[in-house]
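Enquirer: Sharing structure_16.cif here; it has mmCIF, C-alpha atoms.
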```cif
data_model
#
loop_
_atom_site.label_atom_id
_atom_site.label_comp_id
_atom_site.auth_asym_id
_atom_site.auth_seq_id
_atom_site.Cartn_x
_atom_site.Cartn_y
_atom_site.Cartn_z
CA MET A 216 182.77 137.29 165.75
CA TYR A 217 182.42 133.70 164.55
CA GLY A 218 180.73 132.73 167.82
CA ALA A 219 178.20 135.55 167.45
CA MET A 220 177.34 134.40 163.92
CA VAL A 221 176.80 130.82 165.13
CA LEU A 222 174.59 132.10 167.96
CA ARG A 223 172.46 134.19 165.56
CA LEU A 224 172.06 131.18 163.26
CA ALA A 225 171.04 128.96 166.18
CA VAL A 226 168.44 131.51 167.28
CA MET A 227 167.02 131.75 163.75
CA ILE A 228 166.72 127.95 163.51
CA MET A 229 165.06 127.77 166.94
CA LEU A 230 162.54 130.48 166.02
CA SER A 231 161.78 128.67 162.76
CA LEU A 232 161.17 125.38 164.59
CA MET A 233 158.94 127.15 167.11
CA ALA A 234 156.96 128.74 164.27
CA ASN A 235 156.54 125.36 162.57
CA GLN A 236 155.38 123.77 165.84
CA THR A 237 152.82 126.53 166.24
CA LEU A 238 151.62 126.04 162.69
CA ALA A 239 151.22 122.32 163.29
CA LYS A 240 148.62 123.10 165.98
CA GLU A 241 146.69 125.45 163.71
CA ARG A 242 143.74 124.46 161.56
CA LYS A 243 144.64 122.41 158.52
CA ILE A 244 142.88 122.73 155.21
CA GLN A 245 140.61 119.88 154.19
CA THR A 246 138.67 118.90 151.08
CA PRO A 247 137.01 120.82 149.49
CA TYR A 248 139.54 123.58 148.89
CA LEU A 249 140.95 126.03 146.37
CA GLN A 250 144.64 126.60 145.63
CA ILE A 251 146.09 129.38 143.52
CA PHE A 252 149.68 128.87 142.39
CA VAL A 253 151.51 132.15 141.77
CA ILE A 254 154.60 131.96 139.57
CA ASP A 255 156.91 134.97 139.37
CA PRO A 256 158.54 135.97 136.06
CA PRO A 257 162.20 134.91 135.62
CA LYS A 258 163.27 138.53 136.09
CA PRO A 259 161.17 141.32 137.66
CA LEU A 260 159.10 143.46 135.33
CA ASP A 261 159.77 147.20 135.47
CA TRP A 262 156.45 149.08 135.51
CA SER A 263 157.97 152.55 135.91
CA SER A 264 157.17 153.50 132.29
CA PRO A 265 155.82 151.94 129.06
CA LYS A 266 159.36 151.73 127.72
CA SER A 267 160.76 149.96 130.80
CA LEU A 268 157.84 147.52 130.92
CA LEU A 269 158.28 146.63 127.26
CA ARG A 270 162.02 146.24 127.62
CA THR A 271 161.77 143.84 130.58
CA THR A 272 158.82 141.98 129.02
CA LEU A 273 160.80 141.42 125.81
CA TRP A 274 163.83 140.26 127.75
CA ASN A 275 161.76 137.62 129.55
CA GLY A 276 159.84 136.67 126.41
CA LEU A 277 162.92 136.14 124.28
CA SER A 278 164.39 133.88 126.97
CA LEU A 279 161.69 131.32 126.01
CA ASP A 280 160.78 130.86 129.68
CA TYR A 281 157.63 128.85 130.46
CA ALA A 282 156.16 131.84 132.36
CA PRO A 283 157.90 134.92 130.92
CA ASN A 284 155.53 137.43 132.53
CA GLY A 285 154.61 135.27 135.50
CA HIS A 286 151.63 132.95 135.68
CA LEU A 287 148.71 131.98 137.90
CA ALA A 288 147.17 128.50 138.01
CA VAL A 289 143.99 127.20 139.64
CA HIS A 290 143.52 123.99 141.62
CA VAL A 291 140.03 123.09 142.86
CA LYS A 292 139.29 119.92 144.78
CA THR A 293 135.72 118.98 145.68
CA ARG A 294 134.07 116.07 147.47
CA ARG A 295 131.33 115.68 144.88
CA PRO A 296 132.11 114.89 141.23
CA ASN A 297 130.36 116.97 138.59
CA ALA A 298 128.27 115.70 135.68
CA TYR A 299 131.47 114.64 133.89
CA GLY A 300 132.77 112.68 136.86
CA VAL A 301 135.41 115.30 137.72
CA SER A 302 136.06 116.32 141.33
CA GLU A 303 139.56 117.83 141.01
CA VAL A 304 141.02 120.18 138.39
CA LEU A 305 144.36 121.90 137.82
CA THR A 306 144.64 124.45 135.06
CA GLY A 307 145.17 128.07 134.03
CA MET A 308 144.40 130.35 131.12
CA GLY A 309 147.07 130.48 128.44
CA ARG A 310 147.70 131.56 124.87
CA THR A 311 147.62 128.78 122.31
CA ASN A 312 150.90 130.01 120.78
CA LYS A 313 153.13 132.40 122.73
CA MET A 314 155.59 132.87 119.90
CA LYS A 315 152.79 133.75 117.45
CA THR A 316 151.50 136.32 119.95
CA LEU A 317 154.95 137.89 120.08
CA TRP A 318 155.30 137.80 116.30
CA ASP A 319 151.85 139.33 115.72
CA THR A 320 152.65 142.12 118.17
CA PHE A 321 155.85 142.91 116.24
CA TYR A 322 154.46 142.44 112.74
CA HIS A 323 151.08 144.13 113.12
CA GLU A 324 152.55 146.88 115.32
CA TYR A 325 149.88 146.80 118.01
CA GLY A 326 151.85 149.00 120.37
CA LEU A 327 150.46 148.91 123.92
CA SER A 328 147.17 147.68 122.45
CA ALA A 329 148.75 144.21 122.74
CA MET A 330 148.03 144.44 126.48
CA ILE A 331 144.28 144.50 125.83
CA ARG A 332 144.09 142.77 122.48
CA GLU A 333 142.43 139.37 122.26
CA PHE A 334 144.60 136.42 121.30
CA SER A 335 143.72 132.79 120.77
CA GLY A 336 143.49 131.14 124.17
CA ASP A 337 142.91 127.80 125.84
CA LEU A 338 142.95 126.13 129.23
CA ASP A 339 146.31 124.61 130.14
CA SER A 340 146.33 120.88 130.76
CA SER A 341 146.79 119.53 134.27
CA ILE A 342 149.96 117.74 133.10
CA THR A 343 151.56 120.94 131.75
CA THR A 344 150.48 122.93 134.80
CA LYS A 345 151.97 120.35 137.18
CA GLU A 346 155.27 120.49 135.31
CA GLU A 347 155.37 124.30 135.44
CA ILE A 348 154.56 124.34 139.16
CA LYS A 349 157.45 121.95 139.82
CA LYS A 350 159.83 124.09 137.75
CA ALA A 351 158.71 127.20 139.63
CA ALA A 352 159.12 125.51 143.02
CA ASP A 353 162.62 124.32 142.11
CA ALA A 354 163.57 127.87 141.04
CA ASN A 355 162.00 129.46 144.15
CA ARG A 356 159.50 131.31 141.93
CA LEU A 357 156.38 129.73 143.44
CA ALA A 358 153.97 131.08 146.06
CA ILE A 359 150.60 129.63 147.06
CA ILE A 360 147.24 130.89 148.30
CA GLN A 361 144.87 128.20 149.54
CA VAL A 362 141.29 128.75 150.64
CA GLN A 363 139.08 126.39 152.63
CA LEU A 364 135.78 125.84 150.81
CA THR A 365 132.37 124.60 151.82
CA ASP A 366 130.69 122.08 149.53
CA GLU A 367 128.43 124.86 148.28
CA LYS A 368 131.38 127.12 147.45
CA ALA A 369 133.20 124.27 145.74
CA ASP A 370 130.15 123.62 143.60
CA LEU A 371 129.98 127.32 142.71
CA LEU A 372 133.61 127.32 141.55
CA MET A 373 133.12 124.16 139.50
CA GLU A 374 129.95 125.64 138.00
CA PHE A 375 131.94 128.67 136.87
CA MET A 376 134.59 126.39 135.35
CA SER A 377 131.85 124.42 133.64
CA ASN A 378 130.38 127.57 132.07
CA TRP A 379 133.86 128.72 131.04
CA ILE A 380 134.33 125.46 129.13
CA GLU A 381 130.78 125.00 127.87
CA PHE A 382 130.54 128.44 126.26
CA GLY A 383 134.09 128.65 124.93
CA SER A 384 135.31 131.51 127.14
CA PHE A 385 138.66 129.71 127.24
CA ARG A 386 139.19 130.61 123.57
CA HIS A 387 139.48 134.34 124.35
CA TYR A 388 142.77 135.40 125.96
CA GLY A 389 143.37 139.06 126.79
CA GLY A 390 143.35 141.83 129.38
CA ASN A 391 140.59 144.20 130.49
CA LYS A 392 137.89 141.59 129.88
CA ASN A 393 134.78 140.96 131.97
CA VAL A 394 135.67 137.64 133.56
CA PRO A 395 132.44 137.07 135.56
CA LYS A 396 130.40 137.38 132.37
CA GLY A 397 132.60 134.86 130.57
CA GLU A 398 134.12 137.31 128.11
CA GLY A 399 137.55 135.71 128.44
CA SER A 400 140.68 136.69 130.36
CA GLY A 401 144.38 136.35 130.91
CA CYS A 402 145.77 133.86 133.43
CA ALA A 403 145.88 136.32 136.35
CA ASP A 404 142.32 137.69 136.11
CA PHE A 405 141.02 134.14 135.64
CA ALA A 406 142.71 132.74 138.75
CA VAL A 407 141.97 135.70 141.03
CA TYR A 408 138.28 135.51 140.14
CA PHE A 409 138.16 132.05 141.73
CA ILE A 410 139.40 133.61 144.98
CA GLU A 411 136.82 136.38 144.68
CA LEU A 412 134.08 133.79 144.22
CA ALA A 413 135.32 131.75 147.16
CA MET A 414 135.60 134.81 149.41
CA LYS A 415 132.72 136.89 148.05
CA GLY A 416 135.25 139.55 147.10
CA HIS A 417 136.50 139.93 150.66
CA LEU A 418 140.22 139.45 150.10
CA PRO A 419 142.32 142.62 149.61
CA SER A 420 142.83 141.99 145.92
CA ASP A 421 143.46 145.72 145.45
CA GLN A 422 146.87 145.06 147.01
CA TRP A 423 147.58 142.60 144.21
CA MET A 424 146.56 144.87 141.34
CA ARG A 425 148.82 146.75 138.98
CA THR A 426 146.90 149.68 137.48
CA VAL A 427 148.14 152.11 134.84
CA HIS A 428 146.66 154.31 132.12
CA LEU A 429 147.95 153.33 128.70
CA PRO A 430 148.75 156.57 126.84
CA TYR A 431 146.58 156.90 123.72
CA GLU A 432 149.67 157.88 121.72
CA LEU A 433 151.06 154.37 122.15
CA LEU A 434 147.82 152.51 121.36
CA GLN A 435 146.95 151.28 117.91
CA GLU A 436 143.28 152.05 118.57
CA ALA A 437 142.22 155.18 120.44
CA PRO A 438 139.00 157.21 120.62
CA GLY A 439 138.65 160.15 118.24
CA ARG A 440 141.20 159.05 115.66
CA LYS A 441 141.86 156.43 113.02
CA SER A 442 143.78 153.28 113.76
CA LYS A 443 147.55 153.69 113.50
CA LYS A 444 150.50 151.34 113.77
CA VAL A 445 152.80 151.66 116.77
CA SER A 446 156.04 149.75 116.40
CA ILE A 447 157.96 148.11 119.21
CA SER A 448 161.03 150.15 118.33
CA SER A 449 159.09 153.43 118.63
CA ILE A 450 158.04 152.53 122.18
CA LEU A 451 161.61 151.56 123.09
CA LYS A 452 162.79 154.97 121.86
CA SER A 453 159.92 156.83 123.49
CA THR A 454 160.05 158.86 126.69
CA ILE A 455 156.25 158.98 127.02
CA PRO A 456 155.20 158.14 130.61
CA TRP A 457 152.04 156.41 131.74
CA ALA A 458 149.01 158.63 131.26
CA LYS A 459 147.71 160.37 134.37
CA SER A 460 143.98 159.83 133.87
CA ALA A 461 141.26 158.38 131.65
CA LYS A 462 141.35 161.60 129.60
CA GLU A 463 144.92 160.89 128.52
CA GLY A 464 144.90 157.10 128.39
CA LEU A 465 143.03 153.84 128.71
CA LYS A 466 142.84 152.38 132.21
CA PHE A 467 144.45 148.95 132.45
CA SER A 468 144.36 146.85 135.58
CA ILE A 469 145.68 143.35 136.21
CA PRO A 470 146.64 141.15 139.17
CA ASP A 471 150.42 141.20 139.35
CA PRO A 472 152.13 137.90 140.30
CA GLU A 473 155.06 139.78 141.85
CA LYS A 474 152.77 141.91 144.05
CA MET A 475 150.80 138.80 145.00
CA THR A 476 154.00 137.00 146.00
CA LYS A 477 155.03 139.91 148.23
CA TRP A 478 151.58 139.88 149.85
CA ILE A 479 151.82 136.12 150.43
CA MET A 480 155.29 136.43 151.97
CA THR A 481 153.98 139.09 154.36
CA TYR A 482 151.44 136.67 155.84
CA SER A 483 153.05 133.26 155.33
CA ALA A 484 155.07 131.25 157.83
CA PRO A 485 158.87 131.46 157.49
CA PHE A 486 160.28 129.86 154.34
CA THR A 487 156.87 128.59 153.13
CA LYS A 488 155.53 131.27 150.74
CA ARG A 489 152.10 129.80 151.40
CA VAL A 490 149.00 131.42 152.90
CA THR A 491 146.01 129.40 154.10
CA ILE A 492 142.70 131.23 154.43
CA PHE A 493 139.63 130.11 156.34
CA PRO A 494 136.70 132.31 155.21
CA ASP A 495 134.79 131.75 158.46
CA GLU A 496 137.54 133.62 160.32
CA PHE A 497 136.70 136.81 158.42
CA GLN A 498 134.00 139.24 159.44
CA PRO A 499 131.02 138.94 157.06
CA GLN A 500 131.55 141.38 154.23
CA GLU A 501 130.19 140.61 150.80
CA THR A 502 131.30 142.77 147.90
CA LEU A 503 130.16 140.42 145.15
CA ASP A 504 126.40 140.25 144.72
CA ASP A 505 124.50 137.81 142.51
CA SER A 506 124.42 140.22 139.57
CA MET A 507 128.24 140.32 139.54
CA ILE A 508 128.65 136.53 139.38
CA ARG A 509 125.90 135.74 136.89
CA PHE A 510 127.55 134.13 133.87
CA GLN A 511 126.28 135.82 130.68
CA THR A 512 128.76 134.82 128.00
CA PRO A 513 128.31 136.29 124.51
CA TYR A 514 129.59 133.08 122.91
CA SER A 515 127.72 130.06 121.63
CA ARG A 516 127.82 126.63 123.25
CA GLU A 517 130.72 124.34 122.40
CA SER A 518 130.17 120.82 121.09
CA GLU A 519 129.80 118.05 123.64
CA GLN A 520 132.99 116.49 122.28
CA THR A 521 134.96 119.69 123.00
CA ILE A 522 133.47 119.97 126.48
CA ILE A 523 134.33 116.38 127.40
CA ALA A 524 137.85 116.80 125.99
CA HIS A 525 138.49 119.88 128.14
CA TRP A 526 137.30 118.27 131.37
CA LYS A 527 139.58 115.34 130.60
CA LYS A 528 142.43 117.73 129.87
CA ILE A 529 142.27 119.67 133.16
CA LYS A 530 141.23 116.98 135.65
CA LEU A 531 143.60 115.47 138.22
#
```
What does this structure look like when you write it as structure tokens?

Expert:
Amino acid sequence: MYGAMVLRLAVMIMLSLMANQTLAKERKIQTPYLQIFVIDPPKPLDWSSPKSLLRTTLWNGLSLDYAPNGHLAVHVKTRRPNAYGVSEVLTGMGRTNKMKTLWDTFYHEYGLSAMIREFSGDLDSSITTKEEIKKAADANRLAIIQVQLTDEKADLLMEFMSNWIEFGSFRHYGGNKNVPKGEGSGCADFAVYFIELAMKGHLPSDQWMRTVHLPYELLQEAPGRKSKKVSISSILKSTIPWAKSAKEGLKFSIPDPEKMTKWIMTYSAPFTKRVTIFPDEFQPQETLDDSMIRFQTPYSRESEQTIIAHWKKIKL
């Protein structure tokens, strides 16, 4: 029995070495490129019902983890510096105060409206993002998607980042927002949009999405009635399931770090949790036209001082 176990282990190691040798002969990514760092939550979120999602979200949140619901970060490296002398950035969308967000949700009794409510946001610094990526890697909570870019694509991604900073979109954190128009976003929608820009929407992002209908009963704001408070405790006691359609609830869709990690592991080499994508290997298929990527933010321009400070904050 012991001999059989040793033999199986030897075969696994040999197959792993063969896979790594094969990978070494494959194309390697070069500048310019995009990397998306996917960080799983400390414990899996349970999306089976509003109650179970809230319970697992609270558990992670109260643990004071750096990424209680998971996190996505963006790394873009170009060959040509922009007008501010920046050619490499590392950042992600975040809330300016996670504890205040949690407190406001409790105190103001937003109910499930907290999932779509706007909170004060900002771009994470490259220093903070680097530290969180290291923590995630050490805890085996990190997966990576990297995409080869052309110079033109790299410029497009940096132009989007520039607009995001220049018009203060970073100040608006929340779900169900129009990211291409600069309305604001959470960390996941923000990061995945960079992949969509790089790939013209070609990647199967539908496999990464978590979509539910938030029951109107559990929302503070709902059509056809006055605003009402929905306490956390009432949701935890509730047996109300996700709504079945737009008639019964508000559609909510978000890229899910856990689903993204599973997708990455399906296509990555053994033990790497990393997928490298070369767009020229895909059949031409464009699902994002110019009207979908035209930045039309509703916010006014930030001061030059704020713009310079943010480029300094996120550059590598």

Enquirer: For CA of Glu411 in chain A and CA of Leu465 in chain A, determine how far apart the two atoms are, in Å to one decimal place.

Expert: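 Taking CA of Glu411 in chain A and CA of Leu465 in chain A, their separation equals 24.5 Å.
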
Enquirer: So how far away is CA of Lys392 in chain A from CA of His525 in chain A, in Å?

Expert: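 Computing the Euclidean distance for CA of His525 in chain A and CA of Lys392 in chain A yields 21.8 Å.
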
Enquirer: Take the PyMOL selection byres ((chain A and resi 468) around 8), apply it to the structure above, and return the hits as a list in words.

Expert: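 After applying the PyMOL selection byres ((chain A and resi 468) around 8), what remains is Asn391, Met424, Arg425, Thr426, Val427, Lys466, Phe467, Ile469 and Pro470 of chain A.
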
Enquirer: Produce a file of the selected residues containing C-alpha atoms, as a short mmCIF file (atom, residue, chain, number, x, y, z; two decimals), in the frame of the given file.

Expert:
```cif
data_model
loop_
_atom_site.label_atom_id
_atom_site.label_comp_id
_atom_site.auth_asym_id
_atom_site.auth_seq_id
_atom_site.Cartn_x
_atom_site.Cartn_y
_atom_site.Cartn_z
CA ASN A 391 140.59 144.20 130.49
CA MET A 424 146.56 144.87 141.34
CA ARG A 425 148.82 146.75 138.98
CA THR A 426 146.90 149.68 137.48
CA VAL A 427 148.14 152.11 134.84
CA LYS A 466 142.84 152.38 132.21
CA PHE A 467 144.45 148.95 132.45
CA ILE A 469 145.68 143.35 136.21
CA PRO A 470 146.64 141.15 139.17
#
```

Enquirer: Since I can't run it myself right now, could you work out what the PyMOL selection byres ((chain A and resi 514-516) around 6) selects here and report it as a compact mmCIF listing (two decimals) with C-alpha atoms, in the frame of the given file?

Expert:
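Saved file selection_15.txt follows:
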```txt
# COMPACT_ATOMS: atom_id res chain seq x y z
CA GLU A 381 130.78 125.00 127.87
CA PHE A 382 130.54 128.44 126.26
CA THR A 512 128.76 134.82 128.00
CA PRO A 513 128.31 136.29 124.51
CA GLU A 517 130.72 124.34 122.40
```

Enquirer: Using Å and a single decimal, report how far CA of Ile360 in chain A sits from CA of Glu303 in chain A.

Expert: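 Atom-to-atom, CA of Glu303 in chain A to CA of Ile360 in chain A, that is 16.8 Å.
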
Enquirer: With all atoms listed in the file as the basis for distance, which of A:Leu531, A:Ala329, A:Val407, A:Leu273 is at the shortest distance from Glu436 in chain A?

Expert: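 Checking each candidate against Glu436 in chain A, we get A:Ala329 as the closest.
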
Enquirer: Draw an axis-aligned box over all listed atoms of range 302-316 of chain A, pad each side with 5 Å, and write its centre and edge lengths in Å, one decimal, as JSON.

Expert:
```
{"center_x": 145.8, "center_y": 126.3, "center_z": 129.4, "size_x": 29.5, "size_y": 30.0, "size_z": 33.9}
```

Enquirer: I want to know what sits within 10 Å of Glu432 in chain A, based on all atoms listed in the file, with residues of the same chain fewer than 2 positions away left out; could you give that as a count of residues only?

Expert: 15

Enquirer: Once the PyMOL selection byres ((chain A and resi 473-477) around 7) has been evaluated on this model, what residues remain selected, and can you format them as a PyMOL selection string?

Expert: chain A and resi 253+255+358+423+471-472+478-481

Enquirer: If you count all atoms listed in the file, which residues fall within 10 Å of Leu305 in chain A, apart from same-chain ones fewer than 5 positions away, as an mmCIF file with C-alpha atoms, in the frame of the given file?

Expert:
```
data_model
loop_
_atom_site.group_PDB
_atom_site.id
_atom_site.type_symbol
_atom_site.label_atom_id
_atom_site.label_comp_id
_atom_site.auth_asym_id
_atom_site.auth_seq_id
_atom_site.Cartn_x
_atom_site.Cartn_y
_atom_site.Cartn_z
ATOM 1 C CA GLN A 250 144.640 126.600 145.630
ATOM 2 C CA ILE A 251 146.090 129.380 143.520
ATOM 3 C CA PHE A 252 149.680 128.870 142.390
ATOM 4 C CA ALA A 288 147.170 128.500 138.010
ATOM 5 C CA VAL A 289 143.990 127.200 139.640
ATOM 6 C CA HIS A 290 143.520 123.990 141.620
ATOM 7 C CA VAL A 291 140.030 123.090 142.860
ATOM 8 C CA LYS A 292 139.290 119.920 144.780
ATOM 9 C CA LEU A 338 142.950 126.130 129.230
ATOM 10 C CA ASP A 339 146.310 124.610 130.140
ATOM 11 C CA SER A 340 146.330 120.880 130.760
ATOM 12 C CA SER A 341 146.790 119.530 134.270
ATOM 13 C CA ILE A 342 149.960 117.740 133.100
ATOM 14 C CA THR A 343 151.560 120.940 131.750
ATOM 15 C CA THR A 344 150.480 122.930 134.800
ATOM 16 C CA LYS A 345 151.970 120.350 137.180
ATOM 17 C CA LYS A 528 142.430 117.730 129.870
ATOM 18 C CA ILE A 529 142.270 119.670 133.160
ATOM 19 C CA LYS A 530 141.230 116.980 135.650
ATOM 20 C CA LEU A 531 143.600 115.470 138.220
#
```

Enquirer: For each of A:Tyr431, A:Phe375, A:Phe405, A:Phe493, take the minimum atom-to-atom distance to Leu418 in chain A, counting all atoms listed in the file, then give the residue where this is smallest.

Expert: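 Among the listed residues, A:Phe493 lies closest to Leu418 in chain A.
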
Enquirer: Between A:Leu277, A:Leu451, A:Leu371, A:Cys402, which is the closest to Lys415 in chain A once you count all atoms listed in the file?

Expert: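 Distance minimum relative to Lys415 in chain A lands on A:Leu371.
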
Enquirer: Considering all atoms listed in the file, return as a short mmCIF file (atom, residue, chain, number, x, y, z; two decimals) with C-alpha atoms, keeping the file's coordinate frame whatever protein or nucleic-acid residues lie within 10 Å of Thr246 in chain A, sequence-local ones (same chain, fewer than 4 positions apart) excluded.

Expert:
```cif
data_model
loop_
_atom_site.label_atom_id
_atom_site.label_comp_id
_atom_site.auth_asym_id
_atom_site.auth_seq_id
_atom_site.Cartn_x
_atom_site.Cartn_y
_atom_site.Cartn_z
CA VAL A 291 140.03 123.09 142.86
CA LYS A 292 139.29 119.92 144.78
CA THR A 293 135.72 118.98 145.68
CA ARG A 294 134.07 116.07 147.47
CA GLN A 363 139.08 126.39 152.63
CA LEU A 364 135.78 125.84 150.81
CA THR A 365 132.37 124.60 151.82
CA ASP A 366 130.69 122.08 149.53
CA ALA A 369 133.20 124.27 145.74
#
```

Enquirer: My list of candidates is A:Ser446, A:Ser302, A:Ile523, A:Phe510. Which is closest to Pro395 in chain A when distances are computed with only C-alpha atoms?

Expert: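 When distances to Pro395 in chain A are compared using only C-alpha atoms, the smallest one comes from A:Phe510.
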
Enquirer: Using only C-alpha atoms, can you tell me which of A:Trp262, A:Tyr281, A:Tyr482, A:Tyr248 comes closest to Ala351 in chain A?

Expert: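 Looking only at the distances to Ala351 in chain A, the closest residue turns out to be A:Tyr281.
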
Enquirer: Go through A:Lys243, A:His286, A:Lys488, A:Arg310 one by one, measure the shortest atom-to-atom distance of each to Arg386 in chain A using all atoms listed in the file, and give the residue with the smallest value.

Expert: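 The answer is A:Arg310, which sits nearest to Arg386 in chain A.
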
Enquirer: Rebuild range 424-431 of chain A to all heavy atoms - output it as a PDB file, keeping the file's coordinate frame, please.

Expert:
```pdb
ATOM      1  N   MET A 424     146.803 144.328 142.680  1.00  0.00           N
ATOM      2  CA  MET A 424     146.560 144.870 141.340  1.00  0.00           C
ATOM      3  C   MET A 424     147.658 145.835 140.903  1.00  0.00           C
ATOM      4  O   MET A 424     148.195 146.603 141.695  1.00  0.00           O
ATOM      5  CB  MET A 424     145.213 145.587 141.299  1.00  0.00           C
ATOM      6  CG  MET A 424     144.025 144.713 141.661  1.00  0.00           C
ATOM      7  SD  MET A 424     143.858 143.234 140.622  1.00  0.00           S
ATOM      8  CE  MET A 424     143.305 143.991 139.095  1.00  0.00           C
ATOM      9  N   ARG A 425     147.941 145.778 139.627  1.00  0.00           N
ATOM     10  CA  ARG A 425     148.820 146.750 138.980  1.00  0.00           C
ATOM     11  C   ARG A 425     147.917 147.553 138.037  1.00  0.00           C
ATOM     12  O   ARG A 425     147.329 147.002 137.114  1.00  0.00           O
ATOM     13  CB  ARG A 425     149.897 146.035 138.186  1.00  0.00           C
ATOM     14  CG  ARG A 425     150.872 146.963 137.499  1.00  0.00           C
ATOM     15  CD  ARG A 425     151.859 147.565 138.464  1.00  0.00           C
ATOM     16  NE  ARG A 425     152.754 146.574 139.050  1.00  0.00           N
ATOM     17  CZ  ARG A 425     153.782 146.876 139.828  1.00  0.00           C
ATOM     18  NH1 ARG A 425     154.023 148.160 140.142  1.00  0.00           N
ATOM     19  NH2 ARG A 425     154.554 145.933 140.338  1.00  0.00           N
ATOM     20  N   THR A 426     147.801 148.845 138.276  1.00  0.00           N
ATOM     21  CA  THR A 426     146.900 149.680 137.480  1.00  0.00           C
ATOM     22  C   THR A 426     147.666 150.844 136.876  1.00  0.00           C
ATOM     23  O   THR A 426     148.377 151.570 137.585  1.00  0.00           O
ATOM     24  CB  THR A 426     145.751 150.213 138.353  1.00  0.00           C
ATOM     25  OG1 THR A 426     145.021 149.105 138.913  1.00  0.00           O
ATOM     26  CG2 THR A 426     144.793 151.056 137.513  1.00  0.00           C
ATOM     27  N   VAL A 427     147.530 150.998 135.562  1.00  0.00           N
ATOM     28  CA  VAL A 427     148.140 152.110 134.840  1.00  0.00           C
ATOM     29  C   VAL A 427     147.145 152.620 133.808  1.00  0.00           C
ATOM     30  O   VAL A 427     146.148 151.962 133.509  1.00  0.00           O
ATOM     31  CB  VAL A 427     149.452 151.691 134.121  1.00  0.00           C
ATOM     32  CG1 VAL A 427     150.540 151.317 135.125  1.00  0.00           C
ATOM     33  CG2 VAL A 427     149.200 150.542 133.148  1.00  0.00           C
ATOM     34  N   HIS A 428     147.426 153.796 133.262  1.00  0.00           N
ATOM     35  CA  HIS A 428     146.660 154.310 132.120  1.00  0.00           C
ATOM     36  C   HIS A 428     147.562 154.273 130.895  1.00  0.00           C
ATOM     37  O   HIS A 428     148.606 154.917 130.865  1.00  0.00           O
ATOM     38  CB  HIS A 428     146.171 155.743 132.395  1.00  0.00           C
ATOM     39  CG  HIS A 428     145.003 155.813 133.341  1.00  0.00           C
ATOM     40  ND1 HIS A 428     145.169 155.851 134.712  1.00  0.00           N
ATOM     41  CD2 HIS A 428     143.670 155.836 133.107  1.00  0.00           C
ATOM     42  CE1 HIS A 428     143.977 155.902 135.282  1.00  0.00           C
ATOM     43  NE2 HIS A 428     143.051 155.898 134.338  1.00  0.00           N
ATOM     44  N   LEU A 429     147.152 153.480 129.918  1.00  0.00           N
ATOM     45  CA  LEU A 429     147.950 153.330 128.700  1.00  0.00           C
ATOM     46  C   LEU A 429     147.796 154.580 127.841  1.00  0.00           C
ATOM     47  O   LEU A 429     146.679 154.902 127.413  1.00  0.00           O
ATOM     48  CB  LEU A 429     147.471 152.102 127.904  1.00  0.00           C
ATOM     49  CG  LEU A 429     147.309 150.787 128.685  1.00  0.00           C
ATOM     50  CD1 LEU A 429     146.776 149.690 127.759  1.00  0.00           C
ATOM     51  CD2 LEU A 429     148.611 150.376 129.335  1.00  0.00           C
ATOM     52  N   PRO A 430     148.873 155.322 127.604  1.00  0.00           N
ATOM     53  CA  PRO A 430     148.750 156.570 126.840  1.00  0.00           C
ATOM     54  C   PRO A 430     148.208 156.310 125.437  1.00  0.00           C
ATOM     55  O   PRO A 430     148.663 155.393 124.742  1.00  0.00           O
ATOM     56  CB  PRO A 430     150.182 157.112 126.796  1.00  0.00           C
ATOM     57  CG  PRO A 430     151.060 155.959 127.142  1.00  0.00           C
ATOM     58  CD  PRO A 430     150.268 155.048 128.003  1.00  0.00           C
ATOM     59  N   TYR A 431     147.222 157.103 125.026  1.00  0.00           N
ATOM     60  CA  TYR A 431     146.580 156.900 123.720  1.00  0.00           C
ATOM     61  C   TYR A 431     147.588 156.972 122.573  1.00  0.00           C
ATOM     62  O   TYR A 431     147.424 156.302 121.551  1.00  0.00           O
ATOM     63  CB  TYR A 431     145.478 157.947 123.513  1.00  0.00           C
ATOM     64  CG  TYR A 431     144.271 157.731 124.395  1.00  0.00           C
ATOM     65  CD1 TYR A 431     143.732 158.782 125.143  1.00  0.00           C
ATOM     66  CD2 TYR A 431     143.663 156.486 124.478  1.00  0.00           C
ATOM     67  CE1 TYR A 431     142.615 158.581 125.953  1.00  0.00           C
ATOM     68  CE2 TYR A 431     142.559 156.281 125.279  1.00  0.00           C
ATOM     69  CZ  TYR A 431     142.031 157.331 126.015  1.00  0.00           C
ATOM     70  OH  TYR A 431     140.930 157.129 126.816  1.00  0.00           O
TER      71      TYR A 431
END
```
